file final22.tsv (TSV, N, CA and C atoms)
chain	number	residue	atom	x	y	z
X	1298	MET	N	18.61	8.73	13.98
X	1298	MET	CA	18.81	9.06	12.59
X	1298	MET	C	17.91	10.25	12.25
X	1299	ASP	N	18.46	11.24	11.62
X	1299	ASP	CA	17.65	12.41	11.25
X	1299	ASP	C	17.00	12.18	9.88
X	1300	TRP	N	16.08	13.08	9.55
X	1300	TRP	CA	15.28	12.94	8.33
X	1300	TRP	C	16.14	12.95	7.07
X	1301	GLN	N	17.13	13.82	7.00
X	1301	GLN	CA	17.98	13.89	5.80
X	1301	GLN	C	18.76	12.60	5.59
X	1302	THR	N	19.25	12.01	6.67
X	1302	THR	CA	19.98	10.75	6.56
X	1302	THR	C	19.06	9.64	6.10
X	1303	PHE	N	17.85	9.60	6.67
X	1303	PHE	CA	16.88	8.60	6.26
X	1303	PHE	C	16.58	8.71	4.77
X	1304	GLN	N	16.32	9.92	4.31
X	1304	GLN	CA	16.03	10.12	2.89
X	1304	GLN	C	17.22	9.71	2.01
X	1305	LYS	N	18.41	10.04	2.45
X	1305	LYS	CA	19.60	9.71	1.66
X	1305	LYS	C	19.77	8.21	1.49
X	1306	TYR	N	19.60	7.45	2.57
X	1306	TYR	CA	19.88	6.02	2.52
X	1306	TYR	C	18.68	5.14	2.15
X	1307	PHE	N	17.47	5.66	2.32
X	1307	PHE	CA	16.30	4.81	2.11
X	1307	PHE	C	15.33	5.30	1.05
X	1308	CYS	N	15.39	6.54	0.64
X	1308	CYS	CA	14.36	7.10	-0.25
X	1308	CYS	C	14.90	7.67	-1.55
X	1309	ASP	N	16.14	7.45	-1.85
X	1309	ASP	CA	16.73	8.02	-3.06
X	1309	ASP	C	16.35	7.17	-4.27
X	1310	PRO	N	15.52	7.69	-5.17
X	1310	PRO	CA	15.10	6.88	-6.32
X	1310	PRO	C	16.24	6.57	-7.29
X	1311	ASP	N	17.33	7.34	-7.22
X	1311	ASP	CA	18.46	7.10	-8.12
X	1311	ASP	C	19.44	6.07	-7.57
X	1312	ALA	N	19.36	5.79	-6.27
X	1312	ALA	CA	20.26	4.80	-5.67
X	1312	ALA	C	19.74	3.40	-5.95
X	1313	THR	N	20.64	2.53	-6.37
X	1313	THR	CA	20.22	1.17	-6.74
X	1313	THR	C	19.86	0.31	-5.53
X	1314	ASP	N	20.37	0.65	-4.36
X	1314	ASP	CA	20.11	-0.21	-3.21
X	1314	ASP	C	19.16	0.40	-2.18
X	1315	SER	N	18.50	1.51	-2.49
X	1315	SER	CA	17.55	2.11	-1.55
X	1315	SER	C	16.39	1.16	-1.26
X	1316	TYR	N	15.88	0.51	-2.29
X	1316	TYR	CA	14.76	-0.42	-2.09
X	1316	TYR	C	15.17	-1.57	-1.18
X	1317	ARG	N	16.37	-2.11	-1.40
X	1317	ARG	CA	16.85	-3.21	-0.57
X	1317	ARG	C	17.02	-2.76	0.88
X	1318	ARG	N	17.53	-1.57	1.07
X	1318	ARG	CA	17.72	-1.06	2.43
X	1318	ARG	C	16.39	-0.87	3.16
X	1319	ILE	N	15.43	-0.24	2.50
X	1319	ILE	CA	14.14	0.00	3.18
X	1319	ILE	C	13.42	-1.33	3.42
X	1320	SER	N	13.55	-2.28	2.50
X	1320	SER	CA	12.94	-3.60	2.71
X	1320	SER	C	13.56	-4.31	3.91
X	1321	THR	N	14.86	-4.22	4.04
X	1321	THR	CA	15.54	-4.83	5.19
X	1321	THR	C	15.11	-4.17	6.48
X	1322	LEU	N	15.06	-2.86	6.48
X	1322	LEU	CA	14.64	-2.13	7.69
X	1322	LEU	C	13.22	-2.51	8.08
X	1323	LEU	N	12.32	-2.54	7.12
X	1323	LEU	CA	10.93	-2.89	7.42
X	1323	LEU	C	10.77	-4.33	7.86
X	1324	SER	N	11.60	-5.21	7.32
X	1324	SER	CA	11.48	-6.63	7.71
X	1324	SER	C	11.80	-6.82	9.19
X	1325	TYR	N	12.62	-5.95	9.76
X	1325	TYR	CA	12.93	-6.04	11.18
X	1325	TYR	C	11.84	-5.45	12.06
X	1326	THR	N	11.04	-4.55	11.51
X	1326	THR	CA	10.06	-3.84	12.34
X	1326	THR	C	8.62	-4.28	12.11
X	1327	MET	N	8.34	-4.90	10.97
X	1327	MET	CA	6.96	-5.28	10.67
X	1327	MET	C	6.74	-6.76	10.95
X	1328	MET	N	5.56	-7.07	11.43
X	1328	MET	CA	5.14	-8.46	11.59
X	1328	MET	C	3.93	-8.67	10.69
X	1329	ARG	N	4.03	-9.61	9.81
X	1329	ARG	CA	2.91	-9.90	8.93
X	1329	ARG	C	2.07	-11.00	9.53
X	1330	ARG	N	0.79	-10.73	9.61
X	1330	ARG	CA	-0.15	-11.69	10.18
X	1330	ARG	C	-1.33	-11.87	9.25
X	1331	THR	N	-1.98	-13.03	9.36
X	1331	THR	CA	-3.21	-13.25	8.62
X	1331	THR	C	-4.36	-13.33	9.61
X	1332	MET	N	-5.55	-13.35	9.10
X	1332	MET	CA	-6.71	-13.44	10.00
X	1332	MET	C	-6.79	-14.80	10.67
X	1333	LYS	N	-6.08	-15.78	10.14
X	1333	LYS	CA	-6.08	-17.11	10.75
X	1333	LYS	C	-5.02	-17.27	11.82
X	1334	THR	N	-4.16	-16.28	11.99
X	1334	THR	CA	-3.13	-16.34	13.02
X	1334	THR	C	-3.78	-16.36	14.40
X	1335	THR	N	-3.26	-17.20	15.27
X	1335	THR	CA	-3.80	-17.28	16.62
X	1335	THR	C	-2.69	-17.03	17.64
X	1336	ILE	N	-3.10	-16.51	18.78
X	1336	ILE	CA	-2.23	-16.35	19.94
X	1336	ILE	C	-2.99	-16.95	21.12
X	1337	LEU	N	-2.36	-17.89	21.80
X	1337	LEU	CA	-3.01	-18.61	22.90
X	1337	LEU	C	-4.32	-19.25	22.45
X	1338	ASN	N	-4.29	-19.82	21.25
X	1338	ASN	CA	-5.44	-20.50	20.65
X	1338	ASN	C	-6.64	-19.59	20.41
X	1339	ARG	N	-6.42	-18.32	20.31
X	1339	ARG	CA	-7.49	-17.38	19.98
X	1339	ARG	C	-7.06	-16.57	18.75
X	1340	PRO	N	-8.01	-16.26	17.89
X	1340	PRO	CA	-7.64	-15.45	16.72
X	1340	PRO	C	-7.16	-14.07	17.15
X	1341	ILE	N	-6.22	-13.53	16.40
X	1341	ILE	CA	-5.71	-12.21	16.78
X	1341	ILE	C	-6.72	-11.11	16.48
X	1342	ILE	N	-7.68	-11.42	15.59
X	1342	ILE	CA	-8.74	-10.44	15.29
X	1342	ILE	C	-10.01	-11.19	14.92
X	1343	THR	N	-11.12	-10.66	15.34
X	1343	THR	CA	-12.42	-11.20	14.97
X	1343	THR	C	-13.21	-10.07	14.32
X	1344	LEU	N	-13.49	-10.26	13.06
X	1344	LEU	CA	-14.21	-9.22	12.31
X	1344	LEU	C	-15.67	-9.63	12.12
X	1345	PRO	N	-16.57	-8.65	12.08
X	1345	PRO	CA	-17.97	-8.98	11.80
X	1345	PRO	C	-18.12	-9.42	10.35
X	1346	PRO	N	-19.19	-10.12	10.04
X	1346	PRO	CA	-19.39	-10.53	8.64
X	1346	PRO	C	-19.58	-9.29	7.76
X	1347	PRO	N	-19.17	-9.39	6.52
X	1347	PRO	CA	-19.32	-8.24	5.63
X	1347	PRO	C	-20.78	-7.94	5.33
X	1348	HIS	N	-21.08	-6.70	5.13
X	1348	HIS	CA	-22.42	-6.29	4.72
X	1348	HIS	C	-22.27	-5.23	3.63
X	1349	PRO	N	-22.03	-5.72	2.41
X	1349	PRO	CA	-21.75	-4.79	1.30
X	1349	PRO	C	-22.95	-3.90	0.97
X	1350	GLN	N	-22.65	-2.69	0.63
X	1350	GLN	CA	-23.66	-1.74	0.18
X	1350	GLN	C	-23.11	-1.00	-1.03
X	1351	ILE	N	-23.97	-0.72	-1.96
X	1351	ILE	CA	-23.58	0.08	-3.12
X	1351	ILE	C	-24.02	1.51	-2.85
X	1352	LYS	N	-23.07	2.41	-2.95
X	1352	LYS	CA	-23.38	3.82	-2.78
X	1352	LYS	C	-22.89	4.56	-4.02
X	1353	TYR	N	-23.79	5.25	-4.65
X	1353	TYR	CA	-23.44	6.03	-5.82
X	1353	TYR	C	-23.08	7.44	-5.37
X	1354	ILE	N	-21.99	7.92	-5.91
X	1354	ILE	CA	-21.53	9.27	-5.54
X	1354	ILE	C	-21.37	10.10	-6.80
X	1355	GLN	N	-21.32	11.38	-6.60
X	1355	GLN	CA	-21.11	12.30	-7.71
X	1355	GLN	C	-19.71	12.89	-7.59
X	1356	PHE	N	-18.87	12.63	-8.60
X	1356	PHE	CA	-17.54	13.20	-8.60
X	1356	PHE	C	-17.58	14.68	-8.94
X	1357	SER	N	-16.67	15.41	-8.35
X	1357	SER	CA	-16.49	16.80	-8.76
X	1357	SER	C	-15.81	16.79	-10.13
X	1358	PRO	N	-15.80	17.91	-10.85
X	1358	PRO	CA	-15.12	17.93	-12.15
X	1358	PRO	C	-13.64	17.51	-12.05
X	1359	GLU	N	-12.97	17.92	-10.99
X	1359	GLU	CA	-11.56	17.54	-10.81
X	1359	GLU	C	-11.43	16.04	-10.59
X	1360	GLU	N	-12.32	15.48	-9.78
X	1360	GLU	CA	-12.29	14.05	-9.51
X	1360	GLU	C	-12.60	13.24	-10.77
X	1361	GLN	N	-13.52	13.75	-11.59
X	1361	GLN	CA	-13.84	13.07	-12.85
X	1361	GLN	C	-12.62	13.03	-13.77
X	1362	LEU	N	-11.89	14.13	-13.82
X	1362	LEU	CA	-10.69	14.19	-14.64
X	1362	LEU	C	-9.64	13.20	-14.15
X	1363	ILE	N	-9.41	13.17	-12.86
X	1363	ILE	CA	-8.44	12.23	-12.28
X	1363	ILE	C	-8.86	10.80	-12.57
X	1364	TYR	N	-10.14	10.50	-12.38
X	1364	TYR	CA	-10.65	9.15	-12.63
X	1364	TYR	C	-10.42	8.74	-14.09
X	1365	ARG	N	-10.71	9.64	-15.00
X	1365	ARG	CA	-10.51	9.32	-16.42
X	1365	ARG	C	-9.04	9.08	-16.74
X	1366	ILE	N	-8.18	9.91	-16.21
X	1366	ILE	CA	-6.74	9.74	-16.46
X	1366	ILE	C	-6.26	8.40	-15.91
X	1367	VAL	N	-6.62	8.09	-14.68
X	1367	VAL	CA	-6.19	6.84	-14.07
X	1367	VAL	C	-6.76	5.65	-14.81
X	1368	SER	N	-8.02	5.72	-15.20
X	1368	SER	CA	-8.64	4.58	-15.90
X	1368	SER	C	-8.02	4.35	-17.28
X	1369	LEU	N	-7.38	5.37	-17.84
X	1369	LEU	CA	-6.68	5.18	-19.11
X	1369	LEU	C	-5.25	4.70	-18.91
X	1370	ILE	N	-4.59	5.17	-17.89
X	1370	ILE	CA	-3.17	4.85	-17.67
X	1370	ILE	C	-2.97	3.45	-17.10
X	1371	VAL	N	-3.77	3.07	-16.14
X	1371	VAL	CA	-3.55	1.80	-15.44
X	1371	VAL	C	-3.59	0.59	-16.38
X	1372	PRO	N	-4.62	0.42	-17.19
X	1372	PRO	CA	-4.61	-0.75	-18.09
X	1372	PRO	C	-3.41	-0.73	-19.05
X	1373	PHE	N	-3.03	0.44	-19.51
X	1373	PHE	CA	-1.88	0.56	-20.41
X	1373	PHE	C	-0.61	0.07	-19.71
X	1374	ARG	N	-0.42	0.46	-18.46
X	1374	ARG	CA	0.79	0.04	-17.73
X	1374	ARG	C	0.79	-1.46	-17.46
X	1375	PHE	N	-0.38	-2.04	-17.17
X	1375	PHE	CA	-0.43	-3.48	-16.94
X	1375	PHE	C	-0.11	-4.27	-18.21
X	1376	ARG	N	-0.55	-3.76	-19.34
X	1376	ARG	CA	-0.28	-4.46	-20.60
X	1376	ARG	C	1.20	-4.44	-20.95
X	1377	HIS	N	1.93	-3.41	-20.53
X	1377	HIS	CA	3.33	-3.24	-20.92
X	1377	HIS	C	4.31	-3.71	-19.85
X	1378	HIS	N	3.85	-4.48	-18.88
X	1378	HIS	CA	4.78	-5.00	-17.85
X	1378	HIS	C	4.71	-6.48	-17.79

call {"tool": "encode", "arguments": {"input": "final22.tsv", "output": "structure tokens"}}
result
Amino acid sequence: MDWQTFQKYFCDPDATDSYRRISTLLSYTMMRRTMKTTILNRPIITLPPPHPQIKYIQFSPEEQLIYRIVSLIVPFRFRHH
């Protein structure tokens, strides 16, 4: 399948069934696992314990603007859905 065909059938925001098609395609190719999943009685992944750290950063003026816009839009969208 070429890129144009993929976009036509799976990425068209105006098509009502694009979401259903991409979900079906992904369901065939993705395997969802949790950290408790085991294979041959062994966990599929062993992660180290978390060690949280607080790091303060300085945003650039552009990053500050983006942060402000997002911090205003996101709560508004959650309230209206």

call {"tool": "atom_distance", "arguments": {"input": "final22.tsv", "atom1": "CA of Ile1351 (chain X)", "atom2": "CA of Tyr1364 (chain X)"}}
result
18.4 Å

call {"tool": "atom_distance", "arguments": {"input": "final22.tsv", "atom1": "atom N of Pro1358 (chain X)", "atom2": "CA of Val1371 (chain X)"}}
result
20.8 Å

call {"tool": "atom_distance", "arguments": {"input": "final22.tsv", "atom1": "atom C of Phe1307 (chain X)", "atom2": "atom N of Ser1320 (chain X)"}}
result
7.9 Å

call {"tool": "select_by_dssp", "arguments": {"input": "final22.tsv", "residues": "region 1309-1370 of chain X", "states": "alpha helix (DSSP H)", "output": "number ranges by chain"}}
result
X: 1315-1326, 1358-1370

call {"tool": "axis_aligned_box", "arguments": {"input": "final22.tsv", "around": "region 1343-1351 of chain X", "padding_each_side": "5 Å", "output": "JSON"}}
result
{"center_x": -17.6, "center_y": -4.8, "center_z": 6.1, "size_x": 22.9, "size_y": 22.7, "size_z": 28.5}

call {"tool": "residues_around", "arguments": {"input": "final22.tsv", "residues": "Tyr1316 (chain X)", "least_positions_apart": "5", "cutoff": "12 Å", "atoms": "only C-alpha atoms", "output": "list of chain:residue names"}}
result
X:Gln1304, X:Lys1305, X:Tyr1306, X:Phe1307, X:Cys1308, X:Asp1309, X:Pro1310, X:Asp1311, X:Thr1321, X:Leu1322, X:Leu1323

call {"tool": "select_by_dssp", "arguments": {"input": "final22.tsv", "residues": "chain X", "states": "strand (DSSP E)", "output": "MDAnalysis selection string"}}
result
chainID X and resid 1335:1336 1339:1340
